[in-house]
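Novice: Below is entry18.cif; it holds mmCIF, C-alpha atoms.
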data_query
#
loop_
_atom_site.label_atom_id
_atom_site.label_comp_id
_atom_site.auth_asym_id
_atom_site.auth_seq_id
_atom_site.Cartn_x
_atom_site.Cartn_y
_atom_site.Cartn_z
CA MET A 1 -151.25 47.07 40.87
CA SER A 2 -147.60 47.79 40.28
CA ASN A 3 -144.42 47.44 42.28
CA SER A 4 -141.58 49.69 43.24
CA ALA A 5 -138.06 48.94 44.36
CA ALA A 6 -137.45 50.16 47.90
CA ALA A 7 -133.78 51.10 48.24
CA ALA A 8 -132.34 51.32 51.75
CA VAL A 9 -130.56 54.68 52.09
CA LEU A 10 -130.00 55.03 55.84
CA THR A 11 -129.90 52.57 58.73
CA THR A 12 -129.42 53.87 62.25
CA SER A 13 -130.04 52.76 65.82
CA ASP A 14 -130.97 56.37 66.64
CA LEU A 15 -134.71 56.81 66.01
CA PRO A 16 -134.60 60.63 66.37
CA GLU A 17 -131.88 60.67 63.66
CA ALA A 18 -134.08 58.55 61.39
CA ILE A 19 -137.04 60.88 61.97
CA ARG A 20 -134.88 63.94 61.21
CA ALA A 21 -133.77 62.29 57.96
CA VAL A 22 -137.39 61.50 57.03
CA ARG A 23 -138.36 65.11 57.74
CA ALA A 24 -135.52 66.32 55.52
CA LEU A 25 -136.61 64.02 52.69
CA LEU A 26 -140.24 65.10 53.08
CA GLY A 27 -139.01 68.70 52.89
CA MET A 28 -137.65 67.95 49.41
CA ALA A 29 -140.75 66.11 48.18
CA ASP A 30 -144.08 67.40 46.92
CA ILE A 31 -146.44 66.41 49.77
CA GLY A 32 -149.48 68.57 49.04
CA GLN A 33 -151.83 65.58 48.72
CA GLY A 34 -149.58 63.14 50.59
CA GLU A 35 -150.77 60.51 53.00
CA VAL A 36 -149.23 57.86 55.21
CA ASP A 37 -149.75 54.10 55.56
CA PHE A 38 -148.87 51.89 58.52
CA GLU A 39 -148.05 48.20 58.86
CA ALA A 40 -146.98 46.88 62.25
CA VAL A 41 -146.69 43.86 64.48
CA ILE A 42 -147.89 44.78 67.96
CA ARG A 43 -146.84 42.42 70.70
CA SER A 44 -147.65 44.08 74.02
CA PRO A 45 -150.75 45.55 75.68
CA ASP A 46 -148.88 48.78 76.47
CA VAL A 47 -147.92 49.39 72.85
CA LEU A 48 -151.44 48.45 71.75
CA ALA A 49 -152.95 51.03 74.11
CA ARG A 50 -150.61 53.77 72.84
CA VAL A 51 -151.24 52.90 69.18
CA ARG A 52 -155.02 52.85 69.74
CA HIS A 53 -154.75 56.33 71.24
CA VAL A 54 -153.24 57.51 67.93
CA LEU A 55 -155.44 55.30 65.69
CA PRO A 56 -158.65 54.54 67.63
CA ASP A 57 -160.35 52.67 64.76
CA LEU A 58 -157.41 50.36 64.24
CA GLU A 59 -157.70 47.69 61.54
CA TRP A 60 -155.93 44.52 62.67
CA TRP A 61 -155.90 40.75 62.76
CA ALA A 62 -154.15 38.18 64.89
CA SER A 63 -150.67 37.29 63.68
CA ALA A 64 -151.78 33.65 63.84
CA GLY A 65 -154.47 34.47 61.24
CA LYS A 66 -157.85 36.20 61.01
CA GLU A 67 -159.60 33.11 62.38
CA HIS A 68 -157.81 33.85 65.68
CA GLY A 69 -159.22 37.38 65.92
CA SER A 70 -159.70 40.55 63.91
CA SER A 71 -161.22 44.01 63.93
CA GLU A 72 -163.61 42.84 61.20
CA VAL A 73 -165.61 40.76 63.68
CA GLY A 74 -165.20 43.09 66.65
CA ASP A 75 -162.71 41.04 68.69
CA ASP A 76 -160.68 42.72 71.42
CA PRO A 77 -157.13 43.07 70.06
CA ALA A 78 -155.66 42.80 73.57
CA ASP A 79 -156.97 39.21 73.71
CA CYS A 80 -155.30 38.32 70.38
CA LEU A 81 -151.72 39.59 70.74
CA PRO A 82 -149.50 39.60 68.78
CA ILE A 83 -151.52 41.34 66.08
CA ARG A 84 -150.77 42.75 62.64
CA VAL A 85 -151.94 46.30 61.97
CA PHE A 86 -152.73 47.71 58.53
CA GLU A 87 -153.84 51.34 58.20
CA TRP A 88 -153.92 53.14 54.86
CA GLY A 89 -154.46 56.69 53.66
CA ARG A 90 -154.01 58.50 56.97
CA PRO A 91 -153.05 62.20 57.27
CA LEU A 92 -149.31 62.90 57.31
CA ASP A 93 -149.46 64.26 60.85
CA CYS A 94 -150.35 60.78 62.21
CA ALA A 95 -146.92 59.38 61.36
CA GLU A 96 -144.78 60.68 64.21
CA PRO A 97 -147.33 59.98 66.98
CA PHE A 98 -147.67 56.42 65.61
CA ILE A 99 -143.88 55.97 65.59
CA ALA A 100 -143.64 57.29 69.16
CA ALA A 101 -146.31 54.81 70.28
CA LEU A 102 -144.43 51.76 68.97
CA GLY A 103 -141.81 51.34 71.67
CA PRO A 104 -139.84 48.21 70.71
CA ASP A 105 -142.42 46.83 68.26
CA ALA A 106 -141.70 46.68 64.53
CA ALA A 107 -143.49 48.70 61.86
CA ALA A 108 -143.25 50.17 58.39
CA VAL A 109 -144.46 53.73 57.93
CA ARG A 110 -144.85 54.65 54.25
CA TRP A 111 -145.36 58.18 53.03
CA ASP A 112 -147.24 58.32 49.71
CA LEU A 113 -145.93 61.50 48.12
CA ASP A 114 -147.13 63.60 45.20
CA GLY A 115 -143.70 63.48 43.60
CA TRP A 116 -139.99 64.10 43.80
CA PRO A 117 -138.98 67.37 42.14
CA ALA A 118 -136.46 67.73 39.38
CA VAL A 119 -132.88 68.32 40.49
CA PRO A 120 -131.28 69.85 37.39
CA GLU A 121 -127.82 70.19 38.95
CA ALA A 122 -127.83 66.42 39.55
CA GLY A 123 -129.41 65.65 36.16
CA LEU A 124 -132.61 64.31 37.75
CA GLU A 125 -136.05 64.82 36.24
CA ALA A 126 -139.21 65.11 38.32
CA ILE A 127 -140.84 61.85 39.38
CA SER A 128 -144.60 61.52 39.51
CA GLN A 129 -146.70 60.23 42.36
CA LYS A 130 -146.68 56.68 41.02
CA TYR A 131 -143.09 56.13 42.19
CA ALA A 132 -142.75 58.74 44.92
CA TYR A 133 -142.72 56.86 48.21
CA LEU A 134 -140.62 56.89 51.32
CA THR A 135 -140.70 54.18 54.00
CA LEU A 136 -139.26 54.13 57.50
CA SER A 137 -138.91 50.62 58.89
CA VAL A 138 -138.99 51.05 62.67
CA ASN A 139 -137.29 48.36 64.77
CA SER A 140 -136.85 46.38 61.58
CA ARG A 141 -134.47 46.44 58.65
CA ASP A 142 -137.04 45.33 56.10
CA LEU A 143 -140.41 46.56 54.86
CA TYR A 144 -142.36 43.59 56.23
CA GLN A 145 -141.10 43.35 59.82
CA ASP A 146 -139.50 39.97 59.06
CA GLU A 147 -136.08 41.15 60.29
CA PRO A 148 -136.69 42.66 63.75
CA SER A 149 -133.81 44.86 64.80
CA GLN A 150 -132.94 47.69 67.12
CA ASP A 151 -132.12 49.62 63.94
CA HIS A 152 -134.42 51.77 61.84
CA THR A 153 -134.07 51.89 58.04
CA ILE A 154 -135.21 54.52 55.55
CA HIS A 155 -136.14 53.25 52.09
CA VAL A 156 -136.63 55.43 49.02
CA HIS A 157 -138.86 53.85 46.36
CA VAL A 158 -138.02 53.93 42.66
CA ARG A 159 -139.39 52.26 39.55
CA ASN A 160 -136.26 50.27 38.69
CA PRO A 161 -132.99 50.24 40.60
CA ASN A 162 -130.84 51.32 37.66
CA GLY A 163 -129.79 54.36 35.63
CA ASP A 164 -131.31 57.69 36.59
CA GLN A 165 -133.44 55.98 39.25
CA ILE A 166 -130.32 54.87 41.13
CA ALA A 167 -128.85 58.33 40.66
CA ARG A 168 -131.87 59.71 42.56
CA VAL A 169 -131.44 57.13 45.33
CA HIS A 170 -127.78 58.12 45.73
CA TRP A 171 -128.66 61.82 45.65
CA LEU A 172 -131.40 61.45 48.30
CA ALA A 173 -129.11 59.32 50.49
CA ASP A 174 -126.43 62.01 50.26
CA GLN A 175 -128.91 64.69 51.36
CA VAL A 176 -129.49 62.91 54.72
CA GLY A 177 -125.98 61.63 55.37
CA GLY A 178 -126.88 58.11 54.26
CA ARG A 179 -125.48 55.77 51.68
CA PHE A 180 -127.13 53.39 49.25
CA THR A 181 -125.62 49.98 49.95
CA GLY A 182 -127.36 48.13 47.14
CA ARG A 183 -130.04 46.64 49.37
CA VAL A 184 -133.39 46.74 47.51
CA GLU A 185 -136.74 45.12 48.35
CA LEU A 186 -139.75 44.67 46.10
CA ALA A 187 -142.67 46.74 47.38
CA PRO A 188 -146.21 46.31 46.05
CA LEU A 189 -147.97 49.66 45.63
#
Rewrite the structure from the file as structure tokens, please.
Specialist:
Amino acid sequence: MSNSAAAAVLTTSDLPEAIRAVRALLGMADIGQGEVDFEAVIRSPDVLARVRHVLPDLEWWASAGKEHGSSEVGDDPADCLPIRVFEWGRPLDCAEPFIAALGPDAAAVRWDLDGWPAVPEAGLEAISQKYAYLTLSVNSRDLYQDEPSQDHTIHVHVRNPNGDQIARVHWLADQVGGRFTGRVELAPL
């Protein structure tokens, strides 16, 4: 297992703006074999019902710990709220319905891309799948839902936050009207 550095490139209180920026970034990426991963903290029965409509076979466990309930043993998630949700390797078209289902609850939606293309005019070489990720933190400023917020933050993942990697972060931020502020989080891949 390796890690990436997730660089925050746009924070906004306007979720539709964040989604438009994600779409723009996905439009620049190679997504032919892409998939999406979800991590969330679900606190209410209404949000749970909406999320289960999008992801009926939801994998989850109680925020208090698996011993307080989990999908592994067939518990009812509504009886164990708040719960943590972890879904991996879903089709790209699940992302926006999942985001719409969240309401005020916090989540990280990570797109696993095939790569970022070369941008010769910016002096950027192509980046392979290993470091081609994009995360939208919904109702949270961080990747792990530890900083709940009414803001939504887009993170672009790179190998190391220096040199040509930072040049790509700045270039991608510019493409969506964002700005790299220097905020970077370690993200296990």
Novice: What does the structure give for the distance between CA of Asp142 (chain A) and CA of Ala122 (chain A), in Å to one decimal?
Specialist: 28.3 Å
Novice: Which residues fall under the PyMOL selection byres ((chain A and resi 57-59) around 9) in this file, as a list in words?
Specialist: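 After applying the PyMOL selection byres ((chain A and resi 57-59) around 9), what remains is Val51, Arg52, Leu55, Pro56, Trp60, Trp61, Ser70, Ser71, Glu72, Arg84, Val85, Phe86 and Glu87 of chain A.
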Novice: Got a sec: who's within 10 Å of Ala64 (chain A), counting all atoms listed in the file, leaving out chain neighbours fewer than 5 positions off, as a PyMOL selection string?
Specialist: chain A and resi 69+80-84
Novice: Identify, on the basis of only C-alpha atoms, every residue whose closest approach to Leu136 (chain A) does not exceed 8 Å; exclude the query and any residue fewer than 6 positions from it along the same chain; express the result as a PyMOL selection string.
Specialist: chain A and resi 18+22+108-110+152-155
Novice: Could those residues be written to a file, using C-alpha atoms, as a compact mmCIF listing (two decimals), keeping the file's coordinate frame?
Specialist:
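For reference, part_0.txt as written:
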# COMPACT_ATOMS: atom_id res chain seq x y z
CA ALA A 18 -134.08 58.55 61.39
CA VAL A 22 -137.39 61.50 57.03
CA ALA A 108 -143.25 50.17 58.39
CA VAL A 109 -144.46 53.73 57.93
CA ARG A 110 -144.85 54.65 54.25
CA HIS A 152 -134.42 51.77 61.84
CA THR A 153 -134.07 51.89 58.04
CA ILE A 154 -135.21 54.52 55.55
CA HIS A 155 -136.14 53.25 52.09
Novice: Give me the residues within 12 Å of Tyr131 (chain A) as a list in words, counting all atoms listed in the file and dropping any in the same chain fewer than 6 places off.
Specialist: Ser2, Asn3, Ser4, Ala5, Ala6, Ala29, Trp111, Asp112, Leu113, Asp114, Gly115, Trp116, Pro117, Val156, His157, Val158, Arg159, Asn160, Pro161, Gln165, Arg168, Ala187, Pro188 and Leu189 of chain A
Novice: Take the PyMOL selection byres ((chain A and resi 148) around 10), apply it to the structure above, and return the hits as a PyMOL selection string.
Specialist: chain A and resi 104-107+137-142+144-147+149-152
Novice: Name the closest residue to Thr135 (chain A) among the candidates A:Arg23, A:Trp171, A:Leu102, A:Ser13; distances are taken between atoms, counting all atoms listed in the file.
Specialist: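 Counting all atoms listed in the file, the residue closest to Thr135 (chain A) is A:Arg23.
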Novice: One decimal, in Å: what's the spacing between CA of Gly32 (chain A) and CA of Ala100 (chain A)?
Specialist: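 Separating CA of Gly32 (chain A) from CA of Ala100 (chain A) is a distance of 23.8 Å.
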Novice: Quote the spacing between CA of Glu35 (chain A) and CA of Trp88 (chain A) in Å to one decimal place.
Specialist: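 Value for the CA of Glu35 (chain A)-CA of Trp88 (chain A) distance: 8.2 Å.
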Novice: Which residue gives the smallest distance to Cys94 (chain A) among A:Val176, A:Ala118, A:Val54, A:Ile166, with only C-alpha atoms counted?
Specialist: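 Smallest separation from Cys94 (chain A) among the options: A:Val54.
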Novice: Taking into account all atoms listed in the file, which residue in the set A:Val36, A:Leu25, A:Ala62, A:Leu15 is nearest to Asp93 (chain A)?
Specialist: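 That would be A:Val36, the residue with the smallest distance to Asp93 (chain A).
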Novice: For Val9 (chain A), which of A:Thr181, A:Ser63, A:Gln33, A:Ser44 is the closest residue, counting all atoms listed in the file?
Specialist: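 With all atoms listed in the file as the atom set, the closest residue is A:Thr181.
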Novice: Compare A:Ala173, A:Leu48, A:Ala8, A:Leu26 by their minimum atom-to-atom distance to Asp79 (chain A), counting only C-alpha atoms, and give me the closest one.
Specialist: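 The answer is A:Leu48, which sits nearest to Asp79 (chain A).
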Novice: Where's the centre, and what are the edge lengths in Å to one decimal, of a box along x, y and z enclosing all listed atoms of region 63-72 of chain A padded 4 Å per side, as lines of an AutoDock Vina configuration file?
Specialist:
center_x = -157.1
center_y = 38.6
center_z = 63.5
size_x = 20.9
size_y = 18.9
size_z = 12.9
